[in-house]
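As provided, upload.pdb (PDB, N, CA and C atoms) reads as follows.
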ATOM      1  N   MET C1230    -141.735 109.680  49.467
ATOM      2  CA  MET C1230    -142.169 109.606  50.854
ATOM      3  C   MET C1230    -141.267 108.621  51.601
ATOM      4  N   ASP C1231    -140.918 108.945  52.813
ATOM      5  CA  ASP C1231    -140.100 108.087  53.663
ATOM      6  C   ASP C1231    -140.821 106.746  53.870
ATOM      7  N   ARG C1232    -140.095 105.622  53.727
ATOM      8  CA  ARG C1232    -140.714 104.290  53.849
ATOM      9  C   ARG C1232    -141.375 104.082  55.205
ATOM     10  N   GLN C1233    -140.696 104.506  56.265
ATOM     11  CA  GLN C1233    -141.234 104.320  57.603
ATOM     12  C   GLN C1233    -142.526 105.115  57.773
ATOM     13  N   LEU C1234    -142.545 106.347  57.298
ATOM     14  CA  LEU C1234    -143.741 107.176  57.378
ATOM     15  C   LEU C1234    -144.854 106.553  56.548
ATOM     16  N   HIS C1235    -144.506 106.088  55.341
ATOM     17  CA  HIS C1235    -145.496 105.463  54.467
ATOM     18  C   HIS C1235    -146.109 104.241  55.153
ATOM     19  N   SER C1236    -145.288 103.416  55.793
ATOM     20  CA  SER C1236    -145.787 102.238  56.495
ATOM     21  C   SER C1236    -146.730 102.635  57.615
ATOM     22  N   ALA C1237    -146.374 103.672  58.365
ATOM     23  CA  ALA C1237    -147.221 104.131  59.464
ATOM     24  C   ALA C1237    -148.558 104.636  58.941
ATOM     25  N   VAL C1238    -148.528 105.433  57.872
ATOM     26  CA  VAL C1238    -149.761 105.967  57.298
ATOM     27  C   VAL C1238    -150.608 104.834  56.729
ATOM     28  N   SER C1239    -149.985 103.897  56.020
ATOM     29  CA  SER C1239    -150.717 102.764  55.451
ATOM     30  C   SER C1239    -151.362 101.937  56.551
ATOM     31  N   GLY C1240    -150.632 101.703  57.636
ATOM     32  CA  GLY C1240    -151.168 100.941  58.761
ATOM     33  C   GLY C1240    -152.377 101.605  59.373
ATOM     34  N   GLN C1241    -152.325 102.929  59.501
ATOM     35  CA  GLN C1241    -153.459 103.659  60.054
ATOM     36  C   GLN C1241    -154.660 103.544  59.136
ATOM     37  N   MET C1242    -154.434 103.608  57.827
ATOM     38  CA  MET C1242    -155.528 103.505  56.886
ATOM     39  C   MET C1242    -156.141 102.109  56.926
ATOM     40  N   GLU C1243    -155.314 101.079  57.040
ATOM     41  CA  GLU C1243    -155.831  99.722  57.109
ATOM     42  C   GLU C1243    -156.616  99.520  58.392
ATOM     43  N   GLU C1244    -156.118 100.046  59.513
ATOM     44  CA  GLU C1244    -156.824  99.910  60.779
ATOM     45  C   GLU C1244    -158.182 100.574  60.720
ATOM     46  N   SER C1245    -158.277 101.727  60.069
ATOM     47  CA  SER C1245    -159.535 102.451  60.028
ATOM     48  C   SER C1245    -160.582 101.717  59.197
ATOM     49  N   LYS C1246    -160.158 100.789  58.328
ATOM     50  CA  LYS C1246    -161.087 100.011  57.522
ATOM     51  C   LYS C1246    -161.660  98.836  58.304
ATOM     52  N   GLU C1247    -161.028  98.472  59.429
ATOM     53  CA  GLU C1247    -161.498  97.341  60.215
ATOM     54  C   GLU C1247    -162.873  97.644  60.788
ATOM     55  N   LYS C1248    -163.703  96.614  60.828
ATOM     56  CA  LYS C1248    -165.010  96.758  61.445
ATOM     57  C   LYS C1248    -164.828  96.613  62.946
ATOM     58  N   VAL C1249    -165.283  97.575  63.692
ATOM     59  CA  VAL C1249    -165.138  97.550  65.146
ATOM     60  C   VAL C1249    -166.411  96.970  65.747
ATOM     61  N   GLU C1250    -166.238  95.910  66.513
ATOM     62  CA  GLU C1250    -167.363  95.289  67.199
ATOM     63  C   GLU C1250    -167.440  95.837  68.616
ATOM     64  N   LYS C1251    -168.656  96.041  69.106
ATOM     65  CA  LYS C1251    -168.852  96.487  70.480
ATOM     66  C   LYS C1251    -169.245  95.298  71.340
ATOM     67  N   CYS C1252    -168.735  95.286  72.552
ATOM     68  CA  CYS C1252    -169.028  94.210  73.492
ATOM     69  C   CYS C1252    -170.503  94.290  73.915
ATOM     70  N   PRO C1253    -171.224  93.170  73.841
ATOM     71  CA  PRO C1253    -172.625  93.171  74.265
ATOM     72  C   PRO C1253    -172.795  93.374  75.770
ATOM     73  N   ARG C1254    -171.750  93.091  76.552
ATOM     74  CA  ARG C1254    -171.831  93.262  78.010
ATOM     75  C   ARG C1254    -171.633  94.705  78.452
ATOM     76  N   CYS C1255    -170.553  95.344  77.920
ATOM     77  CA  CYS C1255    -170.168  96.656  78.453
ATOM     78  C   CYS C1255    -170.026  97.745  77.396
ATOM     79  N   ASN C1256    -170.259  97.423  76.123
ATOM     80  CA  ASN C1256    -170.089  98.351  74.997
ATOM     81  C   ASN C1256    -168.633  98.753  74.763
ATOM     82  N   GLY C1257    -167.697  98.006  75.323
ATOM     83  CA  GLY C1257    -166.278  98.254  75.078
ATOM     84  C   GLY C1257    -165.897  97.756  73.700
ATOM     85  N   LYS C1258    -164.678  98.075  73.276
ATOM     86  CA  LYS C1258    -164.184  97.657  71.963
ATOM     87  C   LYS C1258    -163.714  96.206  72.028
ATOM     88  N   MET C1259    -164.224  95.393  71.102
ATOM     89  CA  MET C1259    -163.816  94.002  71.002
ATOM     90  C   MET C1259    -162.606  93.920  70.076
ATOM     91  N   THR C1260    -161.580  93.188  70.487
ATOM     92  CA  THR C1260    -160.372  93.001  69.702
ATOM     93  C   THR C1260    -160.382  91.586  69.141
ATOM     94  N   GLU C1261    -160.046  91.450  67.845
ATOM     95  CA  GLU C1261    -159.991  90.128  67.249
ATOM     96  C   GLU C1261    -158.665  89.474  67.625
ATOM     97  N   VAL C1262    -158.725  88.414  68.427
ATOM     98  CA  VAL C1262    -157.536  87.684  68.864
ATOM     99  C   VAL C1262    -157.022  86.841  67.705
ATOM    100  N   ARG C1263    -157.914  86.165  67.048
ATOM    101  CA  ARG C1263    -157.644  85.427  65.812
ATOM    102  C   ARG C1263    -158.981  85.300  65.097
ATOM    103  N   THR C1264    -158.997  84.675  63.946
ATOM    104  CA  THR C1264    -160.229  84.566  63.180
ATOM    105  C   THR C1264    -161.328  83.965  64.038
ATOM    106  N   CYS C1265    -162.433  84.678  64.086
ATOM    107  CA  CYS C1265    -163.631  84.206  64.786
ATOM    108  C   CYS C1265    -163.421  84.090  66.306
ATOM    109  N   HIS C1266    -162.567  84.913  66.878
ATOM    110  CA  HIS C1266    -162.352  84.937  68.326
ATOM    111  C   HIS C1266    -162.141  86.381  68.753
ATOM    112  N   LEU C1267    -163.129  86.917  69.460
ATOM    113  CA  LEU C1267    -163.075  88.308  69.914
ATOM    114  C   LEU C1267    -162.925  88.367  71.421
ATOM    115  N   ARG C1268    -162.217  89.399  71.903
ATOM    116  CA  ARG C1268    -162.044  89.610  73.340
ATOM    117  C   ARG C1268    -162.260  91.084  73.645
ATOM    118  N   CYS C1269    -162.988  91.365  74.716
ATOM    119  CA  CYS C1269    -163.227  92.742  75.144
ATOM    120  C   CYS C1269    -162.085  93.196  76.049
ATOM    121  N   GLY C1270    -161.524  94.356  75.737
ATOM    122  CA  GLY C1270    -160.432  94.897  76.540
ATOM    123  C   GLY C1270    -160.893  95.491  77.858
ATOM    124  N   MET C1271    -162.194  95.776  77.980
ATOM    125  CA  MET C1271    -162.692  96.387  79.214
ATOM    126  C   MET C1271    -163.145  95.355  80.249
ATOM    127  N   CYS C1272    -163.992  94.411  79.832
ATOM    128  CA  CYS C1272    -164.543  93.468  80.815
ATOM    129  C   CYS C1272    -164.000  92.049  80.673
ATOM    130  N   GLY C1273    -163.264  91.775  79.586
ATOM    131  CA  GLY C1273    -162.652  90.466  79.399
ATOM    132  C   GLY C1273    -163.551  89.423  78.752
ATOM    133  N   ALA C1274    -164.736  89.817  78.320
ATOM    134  CA  ALA C1274    -165.638  88.863  77.657
ATOM    135  C   ALA C1274    -164.972  88.311  76.397
ATOM    136  N   GLU C1275    -165.195  87.038  76.120
ATOM    137  CA  GLU C1275    -164.640  86.411  74.921
ATOM    138  C   GLU C1275    -165.757  85.732  74.155
ATOM    139  N   TYR C1276    -165.707  85.884  72.824
ATOM    140  CA  TYR C1276    -166.696  85.284  71.944
ATOM    141  C   TYR C1276    -165.974  84.600  70.805
ATOM    142  N   ASP C1277    -166.526  83.458  70.356
ATOM    143  CA  ASP C1277    -165.908  82.735  69.239
ATOM    144  C   ASP C1277    -166.961  82.377  68.201
ATOM    145  N   CYS C1278    -166.604  81.506  67.270
ATOM    146  CA  CYS C1278    -167.496  81.153  66.157
ATOM    147  C   CYS C1278    -168.847  80.623  66.627
ATOM    148  N   SER C1279    -168.867  79.920  67.746
ATOM    149  CA  SER C1279    -170.136  79.365  68.229
ATOM    150  C   SER C1279    -171.107  80.473  68.645
ATOM    151  N   ASP C1280    -170.588  81.672  68.953
ATOM    152  CA  ASP C1280    -171.436  82.798  69.349
ATOM    153  C   ASP C1280    -171.844  83.653  68.153
ATOM    154  N   LYS C1281    -171.197  83.444  67.007
ATOM    155  CA  LYS C1281    -171.451  84.270  65.825
ATOM    156  C   LYS C1281    -172.905  84.101  65.398
ATOM    157  N   GLY C1282    -173.553  85.203  65.139
ATOM    158  CA  GLY C1282    -174.953  85.187  64.767
ATOM    159  C   GLY C1282    -175.857  85.452  65.953
ATOM    160  N   LEU C1283    -175.458  84.981  67.126
ATOM    161  CA  LEU C1283    -176.239  85.235  68.331
ATOM    162  C   LEU C1283    -175.889  86.597  68.930
ATOM    163  N   LEU C1284    -174.598  86.928  68.911
ATOM    164  CA  LEU C1284    -174.145  88.149  69.575
ATOM    165  C   LEU C1284    -173.544  89.172  68.633
ATOM    166  N   TRP C1285    -172.927  88.726  67.551
ATOM    167  CA  TRP C1285    -172.324  89.680  66.600
ATOM    168  C   TRP C1285    -172.465  89.207  65.210
TER     169      TRP C1285
END
Transcribe the structure of this file into structure tokens.
Amino acid sequence: MDRQLHSAVSGQMEESKEKVEKCPRCNGKMTEVRTCHLRCGMCGAEYDCSDKGLLW
């Protein structure tokens, strides 16, 4: 298998294993900026470790 194709396929498989969090404000997809820091791409809401357990 071509290395570039293999990397692309592997990346897609790894991404699909990620747990997707939904924004409590707008139900948009939350993106992990870094460990314990999420940001919503739709409304801009940000959550960190201090919010963990309360919101996600």
| query | How far is it from atom N of Cys1252 in chain C to atom C of Leu1284 in chain C, in Å with one decimal? | reply |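 These atoms are spaced 8.7 Å apart.
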| query | Selected by the PyMOL selection byres (((chain C and resi 1250 and name CA) around 12) and name CA) in the shown coordinates: which residues, as a PyMOL selection string? | reply | chain C and resi 1247-1249+1251-1261+1265-1270+1276+1281+1284-1285
| request: Tell me, in Å to one decimal, how far CA of Gly1282 in chain C is from atom N of Arg1263 in chain C. | output: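 Separating CA of Gly1282 in chain C from atom N of Arg1263 in chain C is a distance of 17.2 Å.
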